[in-house]
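Visitor: Below you will find the structure I want to go over with you.
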Amino acid sequence: MSNEPMRPPYRNHILATLVPVRPLRPPAQRVWLLMPLGILLAATGPILSGGRGDLQSYAPLLTWGAAALQCALGMWLLALGFREAVPGRHVSTRALAAAAMLTATMVVTIALLTNAASPTVTPVGREWRDWIECVVWPAALGAPFMIAATVMALRAFPTRPAIAGGLCGLSAGVLSEAGWRLSCWISDPLHIVESHGLALLTLTAGGALLAVVSDARRWPAGE
């Protein structure tokens with residue numbers, strides 16, 4: 001008679017379902033993987049719609065210089081999202097508040113400086129059309145990056161998927177606005193805050209929603 005202890009049935013089931021997995025890269029390495037796509041996103045607006053010629057004399061301070069600052073902020077937000085996604089490495093409330101404040105401050109400050117350098121307003125009769133374009137296009141351009149970043153974050157099985165996905169979406173919003181601002185001919189800060197800001201918030205909400213829905217589908221009902 002064998003002296004090997006009897007294994008509980010559930011243990012045999014667990015052992016039968018174990019499969020090798022690819023180790024998850026550290027958050028910093030995953031940020032580097034998406035950096036080329038982030039830079040491309042920041043350059044897409046001027047490539048598709050052309051740049052603002054009235055700001056050329058201020059380049060690179062208010063054009064690619066400011067866009068580079070926004071790129072750095074966007075990648076930092078992505079790093080926060082990837083860190084938040086790792087169980088046990090939650091981003092503090094203070095860091096989340098700092099991320100929100102820094103994003104708002106940078107977008108508004110660049111808008112004010114741009115308006116001071118070359119004030120332009122929406123042409124009469126085109127207010128609604130231009131407002132819609134500056135919501136839809138930045139959101140559409142940033143959506144692929146938001147989806148890619150959120151899917152990568154979900155691989156870490158975040159315990160707060162809404163926050164992790166929201167940070168990934170906010171990153172996409174900042175990067176998209178960095179490029180779209182260079183092609184938008186309207187300097188009115190109110191236009192920037194309303195339309196560009198709404199596109200940014202849309203991507204943030206989209207990342208949070210995608211993460212929550214995708215995470216919920218992983219777990220059977222009742223577990």
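Chain labels A, B, ... are given in the sequence in which chains occur in the structure tokens; within each chain residues are numbered consecutively from 1, and ligands are likewise numbered from 1 in the order shown.
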Contacts of range 135-146 of chain A at 8 Å or less, counting only C-alpha atoms, minus same-chain residues fewer than 5 places along, as number ranges by chain?
Guide: A: 37-38, 41, 44, 168-169, 171-173, 175-177, 180, 195-196, 198-200, 202-203, 206-207
Visitor: Out of range 75-128 of chain A, which residues get helix (DSSP H, G or I) from DSSP, as an mmCIF file with C-alpha atoms, in the first residue's frame?
Guide:
```
data_model
loop_
_atom_site.group_PDB
_atom_site.id
_atom_site.type_symbol
_atom_site.label_atom_id
_atom_site.label_comp_id
_atom_site.auth_asym_id
_atom_site.auth_seq_id
_atom_site.Cartn_x
_atom_site.Cartn_y
_atom_site.Cartn_z
ATOM 1 C CA MET A 75 4.117 59.144 -20.167
ATOM 2 C CA TRP A 76 4.346 59.870 -16.425
ATOM 3 C CA LEU A 77 0.576 59.407 -16.155
ATOM 4 C CA LEU A 78 0.926 56.130 -18.034
ATOM 5 C CA ALA A 79 3.601 55.008 -15.570
ATOM 6 C CA LEU A 80 1.193 55.781 -12.727
ATOM 7 C CA GLY A 81 -1.484 53.718 -14.455
ATOM 8 C CA PHE A 82 0.802 50.737 -14.923
ATOM 9 C CA ARG A 83 1.953 50.997 -11.307
ATOM 10 C CA GLU A 84 -1.650 51.193 -10.087
ATOM 11 C CA ALA A 85 -2.439 48.059 -12.083
ATOM 12 C CA THR A 93 -4.544 59.665 -3.154
ATOM 13 C CA ARG A 94 -1.997 62.477 -3.021
ATOM 14 C CA ALA A 95 -0.348 61.269 -6.242
ATOM 15 C CA LEU A 96 -3.722 60.992 -7.979
ATOM 16 C CA ALA A 97 -4.634 64.527 -6.923
ATOM 17 C CA ALA A 98 -1.238 65.774 -8.101
ATOM 18 C CA ALA A 99 -1.746 64.076 -11.473
ATOM 19 C CA ALA A 100 -5.124 65.762 -11.942
ATOM 20 C CA MET A 101 -3.877 69.180 -10.840
ATOM 21 C CA LEU A 102 -0.721 68.998 -12.940
ATOM 22 C CA THR A 103 -2.708 67.996 -16.020
ATOM 23 C CA ALA A 104 -5.217 70.818 -15.616
ATOM 24 C CA THR A 105 -2.491 73.358 -14.848
ATOM 25 C CA MET A 106 -0.373 72.434 -17.847
ATOM 26 C CA VAL A 107 -3.255 72.448 -20.340
ATOM 27 C CA VAL A 108 -4.620 75.787 -19.088
ATOM 28 C CA THR A 109 -1.195 77.447 -18.823
ATOM 29 C CA ILE A 110 -0.182 76.482 -22.365
ATOM 30 C CA ALA A 111 -3.577 77.677 -23.618
ATOM 31 C CA LEU A 112 -3.129 81.064 -21.914
ATOM 32 C CA LEU A 113 0.405 81.493 -23.243
ATOM 33 C CA THR A 114 -0.706 80.559 -26.756
ATOM 34 C CA ASN A 115 -3.561 83.040 -26.588
ATOM 35 C CA ALA A 116 -1.217 85.760 -25.359
ATOM 36 C CA ALA A 117 1.227 85.088 -28.206
ATOM 37 C CA GLU A 127 -18.587 78.029 -33.264
ATOM 38 C CA TRP A 128 -20.522 74.776 -32.906
#
```
Visitor: Kindly indicate which residue among A:Val174, A:Ala156, A:Cys134, A:Ala164 lies nearest to Ala67 in chain A, using only C-alpha atoms for the distances.
Guide: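 Closest to Ala67 in chain A of all the choices is A:Val174.
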Visitor: Quick one: residues within 6 Å of range 161-163 of chain A, only C-alpha atoms counted, chain neighbours fewer than 5 positions away excluded, as a list in words?
Guide: Ala208, Ala211 and Val212 of chain A
Visitor: Keeping only C-alpha atoms, write those residues as a PDB file, in the first residue's frame.
Guide:
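So the final result, stored in selection09.pdb, reads:
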```pdb
ATOM      1  CA  ALA A 208     -11.894  53.573 -16.768  1.00  0.00           C
ATOM      2  CA  ALA A 211     -10.969  48.480 -17.575  1.00  0.00           C
ATOM      3  CA  VAL A 212     -14.019  47.909 -15.366  1.00  0.00           C
TER       4      VAL A 212
END
```
Visitor: What's the separation between CA of Arg52 in chain A and CA of Arg181 in chain A, in Å to one decimal place?
Guide: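 Separation between CA of Arg52 in chain A and CA of Arg181 in chain A: 8.9 Å.
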